[in-house]
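Worksheet: one structure, shown below.
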Amino acid sequence: MPSRSLSRLTLCAAAIGALAVAAFAVAPSVAAEDAVIIPPPAADAQETGLKTAVLAGGCFWGVQGVFQHTAGIASAVSGYSGGSRATADYSMVSTGSTGHAESVEIKYDPQKISYGKILQIFFSVVHDPTQLNRQGPDSGTQYRSAIFTTNAEQKKVADAYIAQLNAAKVYKKPIVTKVGVLEAFYPAESYHQDYLTLHPNQPYIAYNDIPKVENLKKIFAENYIEKPTLVNAAKATN
């Protein structure tokens, strides 16, 4: 593990954690972003076999954590998309100048969960898609809301769903999520994987991300699983 990256992570986590503790004192039961109950997509992808979705919705710790608790997900890996292999490094991505977004690569079984359902969870409990280049306490293009599609059908479904949600005015502001073709996905450093499960009491996680998993359990009870599908376990299975 590069010492420079680790010290940056530790310092950032400590600073954000201090803010989170202060926030708890003011509003202990309110998460950074509230879940929004939204309709499912009017049109969904028709897929068979193991498929891949890549989503960006702020810090990848929470995005990964939610989908690791989602039934039908074979694996959810934190990483980087939108930039080059040479800059797929946490210390560089954190500058906001690489083009990368903190992303999560999701392998899923369409017979158990559809692409549309994944997007519904993404827009409902994972993040606030109306925030431009930020989520909660994090700001910068690396925290943007984005969908990286792996085929034409995914792009069609994603574009149509965003239009549907905007037309229904389920949010107070328009969705800013960008939909684009996936060029590449680069897994993040090992210390970022399974972060929510390994550090549930870390103030940033407790304030920003645990409520997202709780909202998944409450709003999408039929899709929730108690035991998360962790990265190492998924590697052993695949």
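So you can find residues: chains in the structure tokens are A, B, ... in the order shown, residues in each start at 1, and ligands are numbered from 1 in order.
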Report as JSON, numbers by chain all protein, DNA and RNA residues lying within 12 Å of Gln164 in chain A, evaluated on only C-alpha atoms, omitting residues in the same chain fewer than 5 positions from it. {"A": [38, 39, 40, 41, 42, 43, 120, 157, 158, 159, 169, 170, 171, 174, 175]}
Residue neighbourhood Ile210 in chain A, 12 Å, only C-alpha atoms, exclusion window fewer than 4 positions, as a PDB file with C-alpha atoms, in the first residue's frame:
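So result_19.pdb came out as:
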```
ATOM      1  CA  SER A  29     -30.930  10.778  12.725  1.00  0.00           C
ATOM      2  CA  VAL A  30     -30.482  12.608   9.410  1.00  0.00           C
ATOM      3  CA  ALA A  31     -28.165  11.317   6.693  1.00  0.00           C
ATOM      4  CA  ALA A  32     -26.219  13.486   4.266  1.00  0.00           C
ATOM      5  CA  GLU A  33     -28.683  12.661   1.469  1.00  0.00           C
ATOM      6  CA  ASP A  34     -32.217  11.482   2.026  1.00  0.00           C
ATOM      7  CA  TRP A  61     -17.417   3.436  -0.323  1.00  0.00           C
ATOM      8  CA  GLY A  62     -21.162   3.961  -0.008  1.00  0.00           C
ATOM      9  CA  VAL A  63     -22.035   3.003  -3.583  1.00  0.00           C
ATOM     10  CA  GLN A  64     -20.188  -0.276  -3.196  1.00  0.00           C
ATOM     11  CA  GLY A  65     -21.693  -0.889   0.230  1.00  0.00           C
ATOM     12  CA  VAL A  66     -25.281  -0.553  -0.995  1.00  0.00           C
ATOM     13  CA  HIS A  69     -26.202  -5.702   0.187  1.00  0.00           C
ATOM     14  CA  VAL A 125     -30.998   5.403  -2.134  1.00  0.00           C
ATOM     15  CA  VAL A 126     -27.397   5.486  -3.371  1.00  0.00           C
ATOM     16  CA  TYR A 195     -14.684  -0.264   3.258  1.00  0.00           C
ATOM     17  CA  LEU A 196     -18.231   0.131   4.579  1.00  0.00           C
ATOM     18  CA  THR A 197     -18.294  -3.409   5.986  1.00  0.00           C
ATOM     19  CA  LEU A 198     -14.814  -3.169   7.493  1.00  0.00           C
ATOM     20  CA  HIS A 199     -15.283   0.287   9.042  1.00  0.00           C
ATOM     21  CA  PRO A 200     -18.990   0.664   9.960  1.00  0.00           C
ATOM     22  CA  ASN A 201     -18.233   2.913  12.941  1.00  0.00           C
ATOM     23  CA  GLN A 202     -15.937   5.316  11.093  1.00  0.00           C
ATOM     24  CA  PRO A 203     -17.783   8.669  11.381  1.00  0.00           C
ATOM     25  CA  TYR A 204     -17.889   9.327   7.630  1.00  0.00           C
ATOM     26  CA  ILE A 205     -19.342   5.874   6.970  1.00  0.00           C
ATOM     27  CA  ALA A 206     -21.748   6.016   9.913  1.00  0.00           C
ATOM     28  CA  GLU A 214     -30.751   1.114   5.883  1.00  0.00           C
ATOM     29  CA  ASN A 215     -32.815   2.864   3.205  1.00  0.00           C
ATOM     30  CA  LEU A 216     -32.152  -0.023   0.826  1.00  0.00           C
ATOM     31  CA  LYS A 217     -33.461  -2.408   3.475  1.00  0.00           C
TER      32      LYS A 217
END
```
Using only C-alpha atoms, which of A:Ser190, A:Ser114, A:Thr95, A:Ser103 sits nearest Gly79 in chain A? A:Ser103
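In terms of minimum interatomic distance to Gln46 in chain A, A:Ala152 ranks closest within A:Ile121, A:Ala152, A:Ile147, A:Val181, counting only C-alpha atoms.
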Please identify the strand (DSSP E) residues within range 122-218 of chain A (assignment by DSSP from backbone atoms) and present them as a ChimeraX atom specification. /A:134-135,138-139,145-149,178-181,185-187
Those same residues - N, CA, C and O atoms - I'd like them written as a short mmCIF file (atom, residue, chain, number, x, y, z; two decimals), in the first residue's frame.
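Okay, part.cif is ready:
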```
data_model
loop_
_atom_site.label_atom_id
_atom_site.label_comp_id
_atom_site.auth_asym_id
_atom_site.auth_seq_id
_atom_site.Cartn_x
_atom_site.Cartn_y
_atom_site.Cartn_z
N ARG A 134 -20.57 16.76 -6.90
CA ARG A 134 -20.44 16.64 -5.46
C ARG A 134 -21.45 15.62 -4.94
O ARG A 134 -22.43 15.30 -5.62
N GLN A 135 -21.21 15.12 -3.74
CA GLN A 135 -22.17 14.32 -2.98
C GLN A 135 -21.85 14.54 -1.51
O GLN A 135 -20.70 14.34 -1.08
N ASP A 138 -18.41 15.79 -0.03
CA ASP A 138 -17.35 15.65 -1.03
C ASP A 138 -17.67 16.48 -2.27
O ASP A 138 -18.77 16.42 -2.81
N SER A 139 -16.68 17.23 -2.76
CA SER A 139 -16.88 18.02 -3.97
C SER A 139 -15.72 17.82 -4.93
O SER A 139 -14.60 17.54 -4.52
N SER A 145 -22.02 12.43 -10.64
CA SER A 145 -23.00 11.38 -10.89
C SER A 145 -22.89 10.96 -12.34
O SER A 145 -23.02 11.80 -13.24
N ALA A 146 -22.63 9.68 -12.57
CA ALA A 146 -22.43 9.21 -13.95
C ALA A 146 -22.82 7.75 -14.09
O ALA A 146 -22.71 6.97 -13.15
N ILE A 147 -23.28 7.42 -15.28
CA ILE A 147 -23.57 6.04 -15.66
C ILE A 147 -22.70 5.71 -16.86
O ILE A 147 -22.79 6.37 -17.90
N PHE A 148 -21.84 4.72 -16.71
CA PHE A 148 -20.97 4.28 -17.80
C PHE A 148 -21.58 3.00 -18.39
O PHE A 148 -21.58 1.95 -17.74
N THR A 149 -22.11 3.10 -19.59
CA THR A 149 -22.85 1.98 -20.16
C THR A 149 -21.94 1.02 -20.92
O THR A 149 -20.94 1.42 -21.52
N LYS A 178 -24.63 12.13 -15.90
CA LYS A 178 -24.15 11.99 -17.27
C LYS A 178 -24.13 10.52 -17.66
O LYS A 178 -23.68 9.66 -16.90
N VAL A 179 -24.62 10.23 -18.86
CA VAL A 179 -24.63 8.87 -19.39
C VAL A 179 -23.64 8.81 -20.54
O VAL A 179 -23.73 9.59 -21.48
N GLY A 180 -22.69 7.89 -20.45
CA GLY A 180 -21.69 7.75 -21.50
C GLY A 180 -21.18 6.33 -21.60
O GLY A 180 -21.38 5.52 -20.68
N VAL A 181 -20.54 6.03 -22.70
CA VAL A 181 -20.03 4.68 -22.94
C VAL A 181 -18.81 4.41 -22.05
O VAL A 181 -17.93 5.26 -21.91
N PHE A 185 -12.59 0.42 -16.85
CA PHE A 185 -12.76 0.49 -15.40
C PHE A 185 -11.48 -0.03 -14.76
O PHE A 185 -10.97 -1.08 -15.14
N TYR A 186 -10.98 0.72 -13.78
CA TYR A 186 -9.74 0.33 -13.10
C TYR A 186 -10.04 0.14 -11.61
O TYR A 186 -10.45 1.11 -10.94
N PRO A 187 -9.87 -1.06 -11.07
CA PRO A 187 -10.14 -1.29 -9.65
C PRO A 187 -9.31 -0.37 -8.76
O PRO A 187 -8.14 -0.09 -9.06
#
```
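Going from CA of Phe123 in chain A over to CA of Arg85 in chain A, you cover 27.9 Å.
With only C-alpha atoms as the atoms that count, the minimum distance from Glu222 in chain A to the choices A:Val77, A:Ile162, A:Val36, A:Ile113 is reached by A:Ile113.
Distance annotation: of A:Ser81, A:Thr70, A:Thr48, A:Asn166, the residue with the minimal separation from Pro129 in chain A is A:Asn166; atom set is only C-alpha atoms.
The gap separating CA of Glu47 in chain A from CA of Tyr115 in chain A is 8.4 Å, in Å to one decimal.
For the residues A:Ala167, A:Leu182, A:Ala56, A:Leu132, ranking by smallest atom-to-atom distance to Asn151 in chain A using only C-alpha atoms places A:Leu182 first.
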List every residue of range 2-225 of chain A that DSSP, applied to the backbone, labels as helix (DSSP H, G or I), and write the result as an MDAnalysis selection string. chainID A and resid 3:26 60:68 85:87 90:93 115:126 141:143 152:168 190:192 195:198 203:219 221:223
